[in-house]
>>> print(open('entry32.json').read())   # JSON, C-alpha atoms
[["chain", "number", "residue", "atom", "x", "y", "z"],
["A", 1, "MET", "CA", 38.84, 26.85, 28.77],
["A", 2, "PRO", "CA", 38.00, 24.18, 26.21],
["A", 3, "SER", "CA", 36.01, 21.33, 27.63],
["A", 4, "GLU", "CA", 34.30, 18.17, 26.40],
["A", 5, "GLU", "CA", 31.28, 19.02, 28.51],
["A", 6, "PRO", "CA", 28.59, 21.18, 26.91],
["A", 7, "SER", "CA", 28.25, 24.46, 28.71],
["A", 8, "PRO", "CA", 25.02, 25.27, 30.57],
["A", 9, "ARG", "CA", 24.50, 28.12, 28.11],
["A", 10, "VAL", "CA", 24.64, 25.83, 25.05],
["A", 11, "ASP", "CA", 22.26, 23.50, 26.83],
["A", 12, "GLU", "CA", 19.85, 26.39, 27.34],
["A", 13, "VAL", "CA", 20.09, 27.39, 23.67],
["A", 14, "ASP", "CA", 19.29, 23.80, 22.64],
["A", 15, "ARG", "CA", 16.32, 23.61, 24.98],
["A", 16, "ALA", "CA", 14.96, 26.91, 23.66],
["A", 17, "ALA", "CA", 15.26, 25.65, 20.06],
["A", 18, "VAL", "CA", 13.38, 22.46, 20.96],
["A", 19, "SER", "CA", 10.73, 24.44, 22.80],
["A", 20, "ALA", "CA", 10.31, 26.61, 19.68],
["A", 21, "ALA", "CA", 9.89, 23.51, 17.50],
["A", 22, "ASN", "CA", 7.30, 22.20, 19.95],
["A", 23, "GLY", "CA", 5.48, 25.53, 19.87],
["A", 24, "ALA", "CA", 5.48, 25.52, 16.06],
["A", 25, "PHE", "CA", 3.74, 22.13, 16.16],
["A", 26, "TYR", "CA", 0.85, 23.52, 18.19],
["A", 27, "GLU", "CA", 0.69, 26.68, 16.06],
["A", 28, "ALA", "CA", 0.37, 24.58, 12.91],
["A", 29, "PHE", "CA", -2.27, 22.45, 14.68],
["A", 30, "GLU", "CA", -4.32, 25.50, 15.71],
["A", 31, "ALA", "CA", -3.96, 27.09, 12.26],
["A", 32, "ARG", "CA", -4.90, 23.78, 10.55],
["A", 33, "ASP", "CA", -1.89, 24.45, 8.32],
["A", 34, "LEU", "CA", -0.98, 21.18, 6.58],
["A", 35, "ASP", "CA", 2.13, 22.60, 4.88],
["A", 36, "ALA", "CA", 3.53, 23.93, 8.14],
["A", 37, "MET", "CA", 2.68, 20.64, 9.88],
["A", 38, "SER", "CA", 4.40, 18.68, 7.10],
["A", 39, "ASP", "CA", 7.52, 20.84, 7.27],
["A", 40, "LEU", "CA", 8.12, 20.21, 10.95],
["A", 41, "TRP", "CA", 7.99, 16.39, 10.86],
["A", 42, "ALA", "CA", 10.69, 14.01, 9.69],
["A", 43, "HIS", "CA", 9.33, 12.19, 6.64],
["A", 44, "ASP", "CA", 10.43, 8.63, 7.27],
["A", 45, "ASP", "CA", 9.49, 5.25, 8.71],
["A", 46, "ARG", "CA", 10.60, 6.14, 12.25],
["A", 47, "VAL", "CA", 7.72, 8.55, 12.65],
["A", 48, "VAL", "CA", 5.01, 7.63, 15.17],
["A", 49, "CYS", "CA", 1.88, 9.55, 16.12],
["A", 50, "VAL", "CA", -0.84, 8.83, 18.65],
["A", 51, "HIS", "CA", -3.83, 11.15, 18.66],
["A", 52, "PRO", "CA", -5.62, 10.81, 22.01],
["A", 53, "GLY", "CA", -7.76, 7.68, 22.00],
["A", 54, "TRP", "CA", -6.58, 6.59, 18.56],
["A", 55, "THR", "CA", -4.55, 3.56, 17.63],
["A", 56, "THR", "CA", -0.89, 4.19, 16.80],
["A", 57, "LEU", "CA", -0.01, 5.60, 13.37],
["A", 58, "ARG", "CA", 3.45, 4.67, 12.09],
["A", 59, "GLY", "CA", 5.42, 6.12, 9.18],
["A", 60, "TRP", "CA", 5.02, 9.56, 7.65],
["A", 61, "GLY", "CA", 2.34, 8.52, 5.12],
["A", 62, "PRO", "CA", -0.36, 7.48, 7.63],
["A", 63, "VAL", "CA", 0.61, 10.35, 9.95],
["A", 64, "ALA", "CA", 0.27, 12.90, 7.12],
["A", 65, "ALA", "CA", -3.10, 11.44, 6.18],
["A", 66, "SER", "CA", -4.30, 11.83, 9.77],
["A", 67, "TRP", "CA", -3.44, 15.53, 9.80],
["A", 68, "ALA", "CA", -5.26, 16.03, 6.50],
["A", 69, "ALA", "CA", -8.33, 14.31, 7.97],
["A", 70, "ILE", "CA", -8.16, 16.30, 11.22],
["A", 71, "PHE", "CA", -7.66, 19.64, 9.47],
["A", 72, "GLY", "CA", -10.49, 18.82, 7.08],
["A", 73, "GLY", "CA", -12.85, 18.08, 9.96],
["A", 74, "PRO", "CA", -15.18, 20.45, 11.74],
["A", 75, "GLN", "CA", -13.33, 20.91, 15.02],
["A", 76, "HIS", "CA", -11.17, 23.97, 15.63],
["A", 77, "LEU", "CA", -8.92, 23.51, 18.63],
["A", 78, "GLN", "CA", -7.01, 25.97, 20.73],
["A", 79, "PHE", "CA", -4.17, 24.88, 22.97],
["A", 80, "ILE", "CA", -2.88, 26.39, 26.17],
["A", 81, "LEU", "CA", 0.36, 24.57, 26.94],
["A", 82, "THR", "CA", 1.40, 24.13, 30.55],
["A", 83, "ASP", "CA", 4.11, 22.21, 32.38],
["A", 84, "GLU", "CA", 6.46, 22.04, 29.42],
["A", 85, "HIS", "CA", 9.61, 20.08, 30.26],
["A", 86, "VAL", "CA", 12.37, 19.70, 27.67],
["A", 87, "VAL", "CA", 15.16, 17.10, 27.77],
["A", 88, "VAL", "CA", 18.01, 17.24, 25.24],
["A", 89, "VAL", "CA", 20.49, 14.36, 24.84],
["A", 90, "ASP", "CA", 22.89, 15.08, 21.97],
["A", 91, "ASP", "CA", 20.78, 15.17, 18.80],
["A", 92, "VAL", "CA", 17.58, 13.84, 20.35],
["A", 93, "ALA", "CA", 15.13, 15.79, 22.48],
["A", 94, "TRP", "CA", 11.71, 15.29, 23.92],
["A", 95, "VAL", "CA", 9.09, 17.57, 25.37],
["A", 96, "SER", "CA", 6.56, 16.53, 27.98],
["A", 97, "CYS", "CA", 3.70, 19.00, 28.22],
["A", 98, "ASP", "CA", 0.04, 19.35, 29.03],
["A", 99, "GLU", "CA", -2.27, 20.47, 26.23],
["A", 100, "ASN", "CA", -5.19, 22.31, 27.76],
["A", 101, "LEU", "CA", -7.75, 22.16, 24.97],
["A", 102, "LEU", "CA", -10.39, 24.71, 24.23],
["A", 103, "ALA", "CA", -12.84, 23.46, 21.61],
["A", 104, "GLY", "CA", -16.28, 24.48, 20.50],
["A", 105, "ASP", "CA", -17.95, 21.65, 22.35],
["A", 106, "GLY", "CA", -15.96, 21.65, 25.54],
["A", 107, "SER", "CA", -12.49, 21.37, 26.91],
["A", 108, "GLY", "CA", -10.11, 18.83, 28.30],
["A", 109, "THR", "CA", -6.51, 18.03, 28.99],
["A", 110, "VAL", "CA", -4.15, 15.86, 26.98],
["A", 111, "THR", "CA", -0.68, 15.04, 28.24],
["A", 112, "SER", "CA", 1.80, 14.72, 25.40],
["A", 113, "LEU", "CA", 5.29, 13.41, 24.81],
["A", 114, "ASN", "CA", 6.86, 14.84, 21.65],
["A", 115, "VAL", "CA", 10.21, 13.53, 20.37],
["A", 116, "PHE", "CA", 12.49, 15.54, 18.08],
["A", 117, "THR", "CA", 15.77, 14.88, 16.30],
["A", 118, "ARG", "CA", 18.33, 17.47, 15.20],
["A", 119, "GLU", "CA", 19.08, 17.36, 11.50],
["A", 120, "GLY", "CA", 22.42, 18.16, 9.87],
["A", 121, "ASP", "CA", 21.27, 21.72, 9.22],
["A", 122, "GLY", "CA", 20.49, 22.25, 12.91],
["A", 123, "ARG", "CA", 16.69, 22.06, 12.59],
["A", 124, "TRP", "CA", 14.76, 20.00, 15.11],
["A", 125, "LEU", "CA", 12.25, 17.74, 13.36],
["A", 126, "MET", "CA", 9.40, 15.86, 15.03],
["A", 127, "LEU", "CA", 9.69, 12.08, 15.14],
["A", 128, "ALA", "CA", 6.95, 11.26, 17.64],
["A", 129, "HIS", "CA", 3.79, 12.83, 19.01],
["A", 130, "HIS", "CA", 2.11, 10.78, 21.69],
["A", 131, "GLY", "CA", -1.07, 12.26, 23.16],
["A", 132, "ALA", "CA", -2.83, 10.68, 26.14],
["A", 133, "PRO", "CA", -6.17, 11.94, 27.44],
["A", 134, "VAL", "CA", -6.17, 12.84, 31.13],
["A", 135, "MET", "CA", -9.21, 11.22, 32.71],
["A", 136, "THR", "CA", -10.57, 11.27, 36.20],
["A", 137, "GLY", "CA", -9.39, 8.21, 38.04],
["A", 138, "PRO", "CA", -6.52, 5.91, 37.21],
["A", 139, "GLY", "CA", -6.45, 3.89, 34.01],
["A", 140, "GLU", "CA", -3.50, 1.53, 34.11],
["A", 141, "PRO", "CA", -3.47, 0.14, 37.62],
["B", 1, "MET", "CA", 36.93, -1.55, 6.18],
["B", 2, "PRO", "CA", 36.77, 1.01, 8.96],
["B", 3, "SER", "CA", 33.89, 3.44, 8.63],
["B", 4, "GLU", "CA", 32.32, 6.26, 10.56],
["B", 5, "GLU", "CA", 28.88, 4.81, 9.88],
["B", 6, "PRO", "CA", 27.54, 2.24, 12.34],
["B", 7, "SER", "CA", 27.15, -1.13, 10.67],
["B", 8, "PRO", "CA", 23.67, -2.62, 10.25],
["B", 9, "ARG", "CA", 24.79, -5.40, 12.58],
["B", 10, "VAL", "CA", 25.69, -3.00, 15.41],
["B", 11, "ASP", "CA", 22.37, -1.28, 14.86],
["B", 12, "GLU", "CA", 20.59, -4.61, 15.24],
["B", 13, "VAL", "CA", 22.49, -5.38, 18.45],
["B", 14, "ASP", "CA", 21.47, -2.00, 19.89],
["B", 15, "ARG", "CA", 17.83, -2.51, 18.98],
["B", 16, "ALA", "CA", 17.84, -5.96, 20.57],
["B", 17, "ALA", "CA", 19.29, -4.51, 23.79],
["B", 18, "VAL", "CA", 16.61, -1.79, 23.87],
["B", 19, "SER", "CA", 13.90, -4.36, 23.19],
["B", 20, "ALA", "CA", 15.23, -6.44, 26.10],
["B", 21, "ALA", "CA", 15.10, -3.38, 28.38],
["B", 22, "ASN", "CA", 11.53, -2.74, 27.26],
["B", 23, "GLY", "CA", 10.62, -6.37, 27.93],
["B", 24, "ALA", "CA", 12.16, -6.19, 31.40],
["B", 25, "PHE", "CA", 9.89, -3.23, 32.17],
["B", 26, "TYR", "CA", 6.76, -5.26, 31.42],
["B", 27, "GLU", "CA", 8.13, -8.29, 33.29],
["B", 28, "ALA", "CA", 8.68, -6.15, 36.39],
["B", 29, "PHE", "CA", 5.19, -4.69, 35.93],
["B", 30, "GLU", "CA", 3.54, -8.13, 35.69],
["B", 31, "ALA", "CA", 5.58, -9.46, 38.62],
["B", 32, "ARG", "CA", 4.78, -6.35, 40.71],
["B", 33, "ASP", "CA", 8.49, -6.29, 41.50],
["B", 34, "LEU", "CA", 9.34, -2.84, 42.87],
["B", 35, "ASP", "CA", 13.09, -3.55, 43.11],
["B", 36, "ALA", "CA", 13.29, -4.69, 39.50],
["B", 37, "MET", "CA", 11.16, -1.71, 38.40],
["B", 38, "SER", "CA", 13.42, 0.68, 40.33],
["B", 39, "ASP", "CA", 16.58, -0.83, 38.82],
["B", 40, "LEU", "CA", 15.49, -0.23, 35.24],
["B", 41, "TRP", "CA", 14.64, 3.49, 35.55],
["B", 42, "ALA", "CA", 17.04, 6.40, 35.63],
["B", 43, "HIS", "CA", 16.70, 8.04, 39.05],
["B", 44, "ASP", "CA", 16.71, 11.73, 38.17],
["B", 45, "ASP", "CA", 14.59, 14.77, 37.37],
["B", 46, "ARG", "CA", 14.33, 13.98, 33.65],
["B", 47, "VAL", "CA", 12.08, 11.01, 34.36],
["B", 48, "VAL", "CA", 8.47, 11.27, 33.19],
["B", 49, "CYS", "CA", 5.69, 8.70, 33.51],
["B", 50, "VAL", "CA", 2.09, 8.75, 32.32],
["B", 51, "HIS", "CA", -0.10, 5.87, 33.42],
["B", 52, "PRO", "CA", -3.12, 5.72, 31.07],
["B", 53, "GLY", "CA", -5.66, 8.34, 32.08],
["B", 54, "TRP", "CA", -3.43, 9.77, 34.82],
["B", 55, "THR", "CA", -1.87, 13.18, 34.98],
["B", 56, "THR", "CA", 1.85, 13.35, 34.23],
["B", 57, "LEU", "CA", 4.31, 12.31, 36.94],
["B", 58, "ARG", "CA", 7.72, 13.97, 36.75],
["B", 59, "GLY", "CA", 10.95, 13.07, 38.55],
["B", 60, "TRP", "CA", 11.91, 9.71, 39.96],
["B", 61, "GLY", "CA", 10.33, 10.28, 43.41],
["B", 62, "PRO", "CA", 6.70, 10.64, 42.24],
["B", 63, "VAL", "CA", 7.20, 7.93, 39.62],
["B", 64, "ALA", "CA", 8.57, 5.50, 42.22],
["B", 65, "ALA", "CA", 5.63, 6.29, 44.52],
["B", 66, "SER", "CA", 3.19, 5.49, 41.69],
["B", 67, "TRP", "CA", 4.72, 2.06, 41.16],
["B", 68, "ALA", "CA", 4.52, 1.35, 44.89],
["B", 69, "ALA", "CA", 0.83, 2.34, 44.85],
["B", 70, "ILE", "CA", 0.08, 0.29, 41.75],
["B", 71, "PHE", "CA", 1.90, -2.79, 42.98],
["B", 72, "GLY", "CA", 0.18, -2.46, 46.36],
["B", 73, "GLY", "CA", -3.24, -2.34, 44.70],
["B", 74, "PRO", "CA", -5.57, -5.21, 43.90],
["B", 75, "GLN", "CA", -5.16, -5.43, 40.15],
["B", 76, "HIS", "CA", -2.85, -8.01, 38.59],
["B", 77, "LEU", "CA", -2.14, -7.24, 34.96],
["B", 78, "GLN", "CA", -0.79, -9.37, 32.16],
["B", 79, "PHE", "CA", 0.61, -7.82, 29.01],
["B", 80, "ILE", "CA", 0.79, -9.17, 25.50],
["B", 81, "LEU", "CA", 3.00, -6.77, 23.57],
["B", 82, "THR", "CA", 2.38, -6.29, 19.87],
["B", 83, "ASP", "CA", 3.68, -3.92, 17.17],
["B", 84, "GLU", "CA", 6.93, -3.16, 18.96],
["B", 85, "HIS", "CA", 9.01, -0.65, 17.01],
["B", 86, "VAL", "CA", 12.44, 0.39, 18.26],
["B", 87, "VAL", "CA", 14.36, 3.50, 17.16],
["B", 88, "VAL", "CA", 17.95, 4.06, 18.31],
["B", 89, "VAL", "CA", 19.73, 7.39, 17.82],
["B", 90, "ASP", "CA", 23.18, 7.31, 19.42],
["B", 91, "ASP", "CA", 22.60, 6.92, 23.18],
["B", 92, "VAL", "CA", 18.85, 7.50, 23.12],
["B", 93, "ALA", "CA", 16.21, 5.01, 22.07],
["B", 94, "TRP", "CA", 12.47, 4.74, 22.17],
["B", 95, "VAL", "CA", 10.00, 1.91, 21.80],
["B", 96, "SER", "CA", 6.48, 2.31, 20.48],
["B", 97, "CYS", "CA", 4.34, -0.70, 21.31],
["B", 98, "ASP", "CA", 0.81, -1.81, 22.03],
["B", 99, "GLU", "CA", 0.11, -3.26, 25.47],
["B", 100, "ASN", "CA", -2.75, -5.71, 25.16],
["B", 101, "LEU", "CA", -3.93, -5.96, 28.75],
["B", 102, "LEU", "CA", -5.48, -8.94, 30.40],
["B", 103, "ALA", "CA", -6.86, -8.09, 33.82],
["B", 104, "GLY", "CA", -9.26, -9.74, 36.19],
["B", 105, "ASP", "CA", -12.08, -7.40, 35.30],
["B", 106, "GLY", "CA", -11.59, -7.13, 31.58],
["B", 107, "SER", "CA", -9.14, -6.24, 28.93],
["B", 108, "GLY", "CA", -8.07, -3.32, 26.80],
["B", 109, "THR", "CA", -5.28, -1.85, 24.75],
["B", 110, "VAL", "CA", -2.81, 0.83, 25.74],
["B", 111, "THR", "CA", -0.37, 2.29, 23.22],
["B", 112, "SER", "CA", 2.92, 3.22, 24.84],
["B", 113, "LEU", "CA", 6.00, 5.24, 24.03],
["B", 114, "ASN", "CA", 8.97, 4.30, 26.21],
["B", 115, "VAL", "CA", 12.20, 6.31, 26.08],
["B", 116, "PHE", "CA", 15.58, 4.90, 27.18],
["B", 117, "THR", "CA", 19.09, 6.28, 27.50],
["B", 118, "ARG", "CA", 22.34, 4.32, 27.35],
["B", 119, "GLU", "CA", 24.47, 4.73, 30.44],
["B", 120, "GLY", "CA", 28.26, 4.71, 30.55],
["B", 121, "ASP", "CA", 28.23, 1.03, 31.44],
["B", 122, "GLY", "CA", 26.14, 0.19, 28.35],
["B", 123, "ARG", "CA", 22.87, -0.39, 30.21],
["B", 124, "TRP", "CA", 19.69, 1.12, 28.76],
["B", 125, "LEU", "CA", 17.71, 2.91, 31.49],
["B", 126, "MET", "CA", 14.12, 4.09, 31.18],
["B", 127, "LEU", "CA", 13.55, 7.85, 31.13],
["B", 128, "ALA", "CA", 9.93, 7.99, 30.00],
["B", 129, "HIS", "CA", 6.88, 5.74, 29.96],
["B", 130, "HIS", "CA", 3.89, 7.30, 28.27],
["B", 131, "GLY", "CA", 0.77, 5.15, 28.14],
["B", 132, "ALA", "CA", -2.34, 6.21, 26.21],
["B", 133, "PRO", "CA", -5.59, 4.24, 26.30],
["B", 134, "VAL", "CA", -6.89, 3.21, 22.91],
["B", 135, "MET", "CA", -10.56, 4.12, 22.75],
["B", 136, "THR", "CA", -13.17, 3.64, 20.09],
["B", 137, "GLY", "CA", -13.47, 6.80, 18.07],
["B", 138, "PRO", "CA", -11.05, 9.68, 17.79],
["B", 139, "GLY", "CA", -10.09, 11.79, 20.76],
["B", 140, "GLU", "CA", -8.00, 14.72, 19.60],
["B", 141, "PRO", "CA", -9.72, 15.95, 16.43]]
>>> encode(input="entry32.json", output="structure tokens")
Amino acid sequence: MPSEEPSPRVDEVDRAAVSAANGAFYEAFEARDLDAMSDLWAHDDRVVCVHPGWTTLRGWGPVAASWAAIFGGPQHLQFILTDEHVVVVDDVAWVSCDENLLAGDGSGTVTSLNVFTREGDGRWLMLAHHGAPVMTGPGEP
Amino acid sequence: MPSEEPSPRVDEVDRAAVSAANGAFYEAFEARDLDAMSDLWAHDDRVVCVHPGWTTLRGWGPVAASWAAIFGGPQHLQFILTDEHVVVVDDVAWVSCDENLLAGDGSGTVTSLNVFTREGDGRWLMLAHHGAPVMTGPGEP
């Protein structure tokens, strides 16, 4: 039965592909692999990246430079991802997840929103990484 | 000349509409107007909201409750938005902007990523608000 509506199965395949792209981001981060990190981002002016506590970086150039600086630094991070929620709307998707960080000097939680876009070849590329530190007590109100 | 590509002018109209939706969010926030805030969000399970420093709230119910709590609290906030960047991809859009906060007991900067989706009637509804406090010194690396 042909239908204009995407089937639940296709939806599930899309969500799995986005989840895999999100996982590859954290694998590249843990491995401090600049080439892998570069490959999974879109390389254009739409790119935005917020490392927890940092000011906003916009455009691929400044974002790439931040990864080089982070991977060249002393801190090796491990991530345990929890509460991953994927939303796909046509060729855009975003993942909300908690990064439970294990580092040499302690641990903490960062809640992240990662936005991806589907390219012509079917690959999901990262357009936004927005990390917010989870702190005790409210911040905004 | 008919074309499959959206014209730059249409693109500009879309971005202006998304920017207006983003502005309405901060107006409702400043006015502590729960009805206006409710009207501009999608009311479904895809909704995600991170108030700076808070854990992630998912689904419209918990998000609505957070606005009621915030608007019922003592703190009146004013926002000066800077560095607003809008990206539109078909029926999804996101705004990256800096919220420069003026509050009774001080000030600060929050960098936000706000995701919207275009409904059948052309309205842009909020699906995600992700606020991260800008702190001195790096957080993630």
>>> atom_distance(input="entry32.json", atom1="atom CA of A:Gly73", atom2="atom CA of A:Ala28")
15.0 Å
>>> closest_residue(input="entry32.json", among="A:Leu113, A:Ala36, A:Leu125, A:Leu81", to="A:Asp98", atoms="all atoms listed in the file")
A:Leu81
>>> residues_around(input="entry32.json", residues="B:His43", least_positions_apart="2", cutoff="8 Å", atoms="only C-alpha atoms", output="mmCIF file with C-alpha atoms, keeping the file's coordinate frame")
data_model
loop_
_atom_site.group_PDB
_atom_site.id
_atom_site.type_symbol
_atom_site.label_atom_id
_atom_site.label_comp_id
_atom_site.auth_asym_id
_atom_site.auth_seq_id
_atom_site.Cartn_x
_atom_site.Cartn_y
_atom_site.Cartn_z
ATOM 1 C CA TRP B 41 14.640 3.490 35.550
ATOM 2 C CA ASP B 45 14.590 14.770 37.370
ATOM 3 C CA VAL B 47 12.080 11.010 34.360
ATOM 4 C CA GLY B 59 10.950 13.070 38.550
ATOM 5 C CA TRP B 60 11.910 9.710 39.960
#
>>> atom_distance(input="entry32.json", atom1="atom CA of A:Phe79", atom2="atom CA of A:Gly122")
26.8 Å
>>> atom_distance(input="entry32.json", atom1="atom CA of B:Glu27", atom2="atom CA of A:Ala93")
27.3 Å
>>> closest_residue(input="entry32.json", among="B:Ile80, B:Ala65, B:Leu40, B:Ile70", to="chain A", atoms="all atoms listed in the file")
B:Ile70
>>> closest_residue(input="entry32.json", among="A:Trp54, A:Tyr26, A:Trp94, A:Phe71", to="A:Thr117", atoms="only C-alpha atoms")
A:Trp94
>>> build_atoms(input="entry32.json", residues="stretch 25-36 of chain B", atoms="N, CA, C and O atoms", output="CSV table (one decimal), keeping the file's coordinate frame")
chain,number,residue,atom,x,y,z
B,25,PHE,N,10.9,-4.1,31.5
B,25,PHE,CA,9.9,-3.2,32.2
B,25,PHE,C,8.5,-3.9,32.4
B,25,PHE,O,7.9,-3.9,33.4
B,26,TYR,N,8.1,-4.6,31.3
B,26,TYR,CA,6.8,-5.3,31.4
B,26,TYR,C,6.8,-6.5,32.3
B,26,TYR,O,5.8,-6.8,33.0
B,27,GLU,N,8.0,-7.2,32.4
B,27,GLU,CA,8.1,-8.3,33.3
B,27,GLU,C,8.1,-7.8,34.7
B,27,GLU,O,7.4,-8.4,35.6
B,28,ALA,N,8.7,-6.7,35.0
B,28,ALA,CA,8.7,-6.2,36.4
B,28,ALA,C,7.3,-5.7,36.7
B,28,ALA,O,6.8,-5.9,37.9
B,29,PHE,N,6.6,-5.1,35.7
B,29,PHE,CA,5.2,-4.7,35.9
B,29,PHE,C,4.3,-5.9,36.3
B,29,PHE,O,3.6,-5.9,37.3
B,30,GLU,N,4.4,-6.9,35.5
B,30,GLU,CA,3.5,-8.1,35.7
B,30,GLU,C,3.9,-8.8,37.0
B,30,GLU,O,3.0,-9.2,37.7
B,31,ALA,N,5.2,-8.8,37.4
B,31,ALA,CA,5.6,-9.5,38.6
B,31,ALA,C,5.4,-8.6,39.8
B,31,ALA,O,5.6,-9.0,41.0
B,32,ARG,N,4.9,-7.3,39.6
B,32,ARG,CA,4.8,-6.4,40.7
B,32,ARG,C,6.1,-6.3,41.6
B,32,ARG,O,6.0,-6.2,42.8
B,33,ASP,N,7.2,-6.2,40.9
B,33,ASP,CA,8.5,-6.3,41.5
B,33,ASP,C,9.1,-4.9,41.6
B,33,ASP,O,9.6,-4.4,40.6
B,34,LEU,N,8.9,-4.2,42.7
B,34,LEU,CA,9.3,-2.8,42.9
B,34,LEU,C,10.9,-2.7,42.7
B,34,LEU,O,11.3,-1.7,42.2
B,35,ASP,N,11.6,-3.6,43.2
B,35,ASP,CA,13.1,-3.6,43.1
B,35,ASP,C,13.5,-3.6,41.6
B,35,ASP,O,14.3,-2.8,41.2
B,36,ALA,N,12.9,-4.6,40.9
B,36,ALA,CA,13.3,-4.7,39.5
B,36,ALA,C,12.9,-3.4,38.7
B,36,ALA,O,13.6,-2.9,37.9
